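Structure data follow from model-v7.cif (mmCIF, C-alpha atoms):
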```cif
data_model
loop_
_atom_site.group_PDB
_atom_site.id
_atom_site.type_symbol
_atom_site.label_atom_id
_atom_site.label_comp_id
_atom_site.auth_asym_id
_atom_site.auth_seq_id
_atom_site.Cartn_x
_atom_site.Cartn_y
_atom_site.Cartn_z
ATOM 1 C CA MET B 686 0.000 0.000 0.000
ATOM 2 C CA GLU B 687 2.807 2.365 0.840
ATOM 3 C CA THR B 688 4.494 2.078 -2.561
ATOM 4 C CA THR B 689 1.165 2.662 -4.296
ATOM 5 C CA ARG B 690 0.475 5.586 -1.967
ATOM 6 C CA ASP B 691 3.874 7.061 -2.788
ATOM 7 C CA GLU B 692 3.174 6.727 -6.510
ATOM 8 C CA ALA B 693 -0.191 8.465 -6.097
ATOM 9 C CA LYS B 694 1.499 11.287 -4.196
ATOM 10 C CA LYS B 695 4.211 11.576 -6.862
ATOM 11 C CA ARG B 696 1.474 11.949 -9.502
ATOM 12 C CA ASP B 697 -0.333 14.518 -7.321
ATOM 13 C CA LEU B 698 -3.554 12.473 -7.273
ATOM 14 C CA LYS B 699 -6.230 13.537 -4.794
ATOM 15 C CA LYS B 700 -9.047 10.996 -5.090
ATOM 16 C CA LEU B 701 -8.663 7.365 -6.089
ATOM 17 C CA GLY B 702 -11.100 4.641 -6.965
ATOM 18 C CA LEU B 703 -10.177 1.249 -5.534
ATOM 19 C CA LEU B 704 -11.016 -2.044 -7.218
ATOM 20 C CA GLY B 705 -10.136 -5.243 -5.408
ATOM 21 C CA THR B 706 -11.484 -8.170 -3.479
ATOM 22 C CA ARG B 707 -14.392 -7.644 -1.118
ATOM 23 C CA PHE B 708 -11.946 -7.565 1.815
ATOM 24 C CA THR B 709 -9.663 -5.009 0.152
ATOM 25 C CA MET B 710 -12.539 -2.703 -0.756
ATOM 26 C CA GLU B 711 -14.381 -3.003 2.586
ATOM 27 C CA GLU B 712 -11.591 -2.879 5.126
ATOM 28 C CA ASP B 713 -9.534 0.173 6.046
ATOM 29 C CA PHE B 714 -6.013 -1.323 5.793
ATOM 30 C CA PHE B 715 -5.562 -0.223 2.175
ATOM 31 C CA LYS B 716 -7.208 3.189 2.455
ATOM 32 C CA LYS B 717 -5.571 4.339 5.700
ATOM 33 C CA PRO B 718 -2.047 5.111 4.365
ATOM 34 C CA PHE B 719 -3.585 7.261 1.625
ATOM 35 C CA ARG B 720 -5.933 9.071 3.979
ATOM 36 C CA GLU B 721 -3.009 9.892 6.279
ATOM 37 C CA ILE B 722 -1.456 12.024 3.514
ATOM 38 C CA GLY B 723 -4.721 13.565 2.317
ATOM 39 C CA ILE B 724 -5.627 11.259 -0.554
ATOM 40 C CA GLU B 725 -9.204 9.996 -0.524
ATOM 41 C CA VAL B 726 -9.888 6.411 -1.621
ATOM 42 C CA VAL B 727 -13.374 5.255 -2.589
ATOM 43 C CA SER B 728 -14.702 1.894 -3.723
ATOM 44 C CA PRO B 729 -17.673 1.072 -5.917
ATOM 45 C CA THR B 730 -20.991 0.909 -4.103
ATOM 46 C CA GLY B 731 -24.142 -1.192 -4.273
ATOM 47 C CA PRO B 732 -24.403 -3.584 -7.206
ATOM 48 C CA ASP B 733 -21.080 -2.368 -8.634
ATOM 49 C CA PHE B 734 -19.294 -3.379 -5.412
ATOM 50 C CA ASP B 735 -20.881 -6.836 -5.525
ATOM 51 C CA PHE B 736 -20.078 -7.241 -9.240
ATOM 52 C CA VAL B 737 -16.373 -6.425 -8.749
ATOM 53 C CA ALA B 738 -16.024 -8.749 -5.757
ATOM 54 C CA GLU B 739 -17.861 -11.606 -7.468
ATOM 55 C CA LYS B 740 -16.031 -11.399 -10.802
ATOM 56 C CA ILE B 741 -12.643 -11.374 -9.094
ATOM 57 C CA SER B 742 -13.421 -14.501 -7.065
ATOM 58 C CA VAL B 743 -15.470 -16.417 -9.654
ATOM 59 C CA GLU B 744 -13.654 -15.514 -12.873
ATOM 60 C CA LEU B 745 -10.359 -13.659 -12.583
ATOM 61 C CA GLU B 746 -8.855 -15.758 -9.784
ATOM 62 C CA HIS B 747 -9.393 -18.745 -12.105
ATOM 63 C CA GLY B 748 -7.824 -17.040 -15.132
ATOM 64 C CA ILE B 749 -11.182 -16.461 -16.820
ATOM 65 C CA VAL B 750 -11.397 -13.157 -18.701
ATOM 66 C CA LYS B 751 -14.712 -12.445 -20.394
ATOM 67 C CA PRO B 752 -15.296 -9.480 -22.726
ATOM 68 C CA GLU B 753 -18.604 -8.688 -20.994
ATOM 69 C CA THR B 754 -16.875 -8.591 -17.615
ATOM 70 C CA GLN B 755 -14.210 -6.286 -19.016
ATOM 71 C CA ALA B 756 -16.904 -4.012 -20.472
ATOM 72 C CA GLU B 757 -18.762 -3.802 -17.162
ATOM 73 C CA PHE B 758 -15.565 -3.010 -15.236
ATOM 74 C CA LEU B 759 -14.969 -0.153 -17.687
ATOM 75 C CA ASN B 760 -18.545 1.041 -17.067
ATOM 76 C CA ILE B 761 -17.943 0.917 -13.308
ATOM 77 C CA ILE B 762 -14.758 2.971 -13.656
ATOM 78 C CA GLN B 763 -16.633 5.485 -15.793
ATOM 79 C CA ARG B 764 -19.462 5.741 -13.235
ATOM 80 C CA MET B 765 -16.954 6.199 -10.419
ATOM 81 C CA THR B 766 -15.255 8.955 -12.406
ATOM 82 C CA ILE B 767 -18.531 10.798 -12.939
ATOM 83 C CA GLU B 768 -20.276 10.111 -9.616
ATOM 84 C CA SER B 769 -17.317 10.116 -7.197
ATOM 85 C CA GLY B 770 -14.925 12.398 -9.035
ATOM 86 C CA ILE B 771 -11.972 10.013 -8.932
ATOM 87 C CA ASP B 772 -8.877 11.071 -10.851
ATOM 88 C CA ALA B 773 -7.291 7.585 -11.053
ATOM 89 C CA ILE B 774 -8.188 3.955 -10.474
ATOM 90 C CA VAL B 775 -6.205 1.557 -8.280
ATOM 91 C CA LEU B 776 -6.064 -2.075 -9.360
ATOM 92 C CA GLY B 777 -5.823 -3.467 -5.840
ATOM 93 C CA CYS B 778 -5.912 -7.145 -6.786
ATOM 94 C CA THR B 779 -3.164 -9.014 -8.627
ATOM 95 C CA GLU B 780 -5.652 -10.557 -11.071
ATOM 96 C CA LEU B 781 -7.150 -7.260 -12.275
ATOM 97 C CA PRO B 782 -4.366 -6.485 -14.785
ATOM 98 C CA LEU B 783 -5.466 -9.608 -16.691
ATOM 99 C CA LEU B 784 -8.789 -7.904 -17.324
ATOM 100 C CA PHE B 785 -7.258 -4.706 -18.670
ATOM 101 C CA ASP B 786 -4.377 -6.181 -20.679
ATOM 102 C CA GLY B 787 -4.060 -4.366 -23.986
ATOM 103 C CA ILE B 788 -6.689 -1.692 -23.366
ATOM 104 C CA THR B 789 -6.376 1.918 -22.358
ATOM 105 C CA LEU B 790 -8.371 2.908 -19.311
ATOM 106 C CA PRO B 791 -10.316 6.190 -19.406
ATOM 107 C CA ILE B 792 -8.374 7.574 -16.416
ATOM 108 C CA PRO B 793 -4.872 7.021 -15.014
ATOM 109 C CA CYS B 794 -4.306 3.616 -13.474
ATOM 110 C CA LEU B 795 -2.243 2.552 -10.483
ATOM 111 C CA ASP B 796 -1.525 -1.141 -10.971
ATOM 112 C CA THR B 797 -0.351 -2.321 -7.551
ATOM 113 C CA LEU B 798 1.360 -5.398 -9.009
ATOM 114 C CA GLU B 799 3.383 -3.302 -11.459
ATOM 115 C CA ILE B 800 4.205 -0.653 -8.837
ATOM 116 C CA HIS B 801 5.437 -3.275 -6.377
ATOM 117 C CA ALA B 802 7.508 -5.069 -9.020
ATOM 118 C CA GLU B 803 9.190 -1.788 -10.017
ATOM 119 C CA ALA B 804 9.902 -0.977 -6.352
ATOM 120 C CA LEU B 805 11.499 -4.406 -5.870
ATOM 121 C CA LEU B 806 13.675 -3.944 -8.923
ATOM 122 C CA ARG B 807 14.826 -0.525 -7.661
ATOM 123 C CA ALA B 808 15.609 -2.047 -4.255
ATOM 124 C CA MET B 809 17.672 -4.798 -5.874
ATOM 125 C CA GLU B 810 19.758 -2.194 -7.729
ATOM 126 C CA LEU B 811 20.957 -0.669 -4.456
#
```

Turn this file's structure into structure tokens for me.
Amino acid sequence: METTRDEAKKRDLKKLGLLGTRFTMEEDFFKKPFREIGIEVVSPTGPDFDFVAEKISVELEHGIVKPETQAEFLNIIQRMTIESGIDAIVLGCTELPLLFDGITLPIPCLDTLEIHAEALLRAMEL
């Protein structure tokens, strides 16, 4: 969370949308480090929340990537952008990049897997 938080701060982001497992989106452990430096983190609500949580556990964790699931995730990101005013989306689950491989998201993306891998590579260079 801290490396993703640092990347968000570096990019001067103020409000992030968080996609992840039910636990990641519901609990405070991910959001707290951001909040401590003044970055707000919001998750989808209502049916969108349930859709994200279900598709991660039922499809993505099993390597299943369906075009209709991808399309609905893009709709959710768009709704979050309009309704919540997010300026970037956080892919807070290691399987989410599978869903967005090869497509451009409508807003900046913080891929936690990619951010952590880059941080590890930098640490190994020291």

Give me the result of the PyMOL selection byres ((chain B and resi 776) around 9) on this file, residue by residue, as a ChimeraX atom specification.
/B:702-705,774-775,777-782,794-798

Can you turn the PyMOL selection byres ((chain B and resi 707) around 8) into a concrete residue list for this file, as a PyMOL selection string?
chain B and resi 705-706+708-711+734-735+737-738

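When the PyMOL selection byres ((chain B and resi 694) around 12) is run on the displayed coordinates, the residues it returns are Glu687, Thr688, Thr689, Arg690, Asp691, Glu692, Ala693, Lys695, Arg696, Asp697, Leu698, Lys699, Lys700, Leu701, Pro718, Phe719, Arg720, Glu721, Ile722, Gly723, Ile724, Glu725, Ala773 and Leu795 of chain B.
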
Please produce an output containing C-alpha atoms for each residue in the selection, written as an mmCIF file, in the coordinates of the input.
```cif
data_model
loop_
_atom_site.group_PDB
_atom_site.id
_atom_site.type_symbol
_atom_site.label_atom_id
_atom_site.label_comp_id
_atom_site.auth_asym_id
_atom_site.auth_seq_id
_atom_site.Cartn_x
_atom_site.Cartn_y
_atom_site.Cartn_z
ATOM 1 C CA GLU B 687 2.807 2.365 0.840
ATOM 2 C CA THR B 688 4.494 2.078 -2.561
ATOM 3 C CA THR B 689 1.165 2.662 -4.296
ATOM 4 C CA ARG B 690 0.475 5.586 -1.967
ATOM 5 C CA ASP B 691 3.874 7.061 -2.788
ATOM 6 C CA GLU B 692 3.174 6.727 -6.510
ATOM 7 C CA ALA B 693 -0.191 8.465 -6.097
ATOM 8 C CA LYS B 695 4.211 11.576 -6.862
ATOM 9 C CA ARG B 696 1.474 11.949 -9.502
ATOM 10 C CA ASP B 697 -0.333 14.518 -7.321
ATOM 11 C CA LEU B 698 -3.554 12.473 -7.273
ATOM 12 C CA LYS B 699 -6.230 13.537 -4.794
ATOM 13 C CA LYS B 700 -9.047 10.996 -5.090
ATOM 14 C CA LEU B 701 -8.663 7.365 -6.089
ATOM 15 C CA PRO B 718 -2.047 5.111 4.365
ATOM 16 C CA PHE B 719 -3.585 7.261 1.625
ATOM 17 C CA ARG B 720 -5.933 9.071 3.979
ATOM 18 C CA GLU B 721 -3.009 9.892 6.279
ATOM 19 C CA ILE B 722 -1.456 12.024 3.514
ATOM 20 C CA GLY B 723 -4.721 13.565 2.317
ATOM 21 C CA ILE B 724 -5.627 11.259 -0.554
ATOM 22 C CA GLU B 725 -9.204 9.996 -0.524
ATOM 23 C CA ALA B 773 -7.291 7.585 -11.053
ATOM 24 C CA LEU B 795 -2.243 2.552 -10.483
#
```

Name the closest residue to Glu757 (chain B) among the candidates B:Glu739, B:Glu744, B:Asp772, B:Asp733; distances are taken between atoms, counting only C-alpha atoms.
B:Asp733

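Proximity of B:Met765, B:Ile792, B:Met686, B:Leu784 to Lys740 (chain B), computed with all atoms listed in the file, is greatest for B:Leu784.
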
Residue list as a CSV table (one decimal) with C-alpha atoms, in the coordinates of the input for point (-15.4, 5.9, 4.8), cut-off 9 Å, only C-alpha atoms:
```csv
chain,number,residue,atom,x,y,z
B,713,ASP,CA,-9.5,0.2,6.0
B,716,LYS,CA,-7.2,3.2,2.5
B,726,VAL,CA,-9.9,6.4,-1.6
B,727,VAL,CA,-13.4,5.3,-2.6
```

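Take CA of Phe714 (chain B) and CA of Leu806 (chain B): the distance between them is 24.7 Å.
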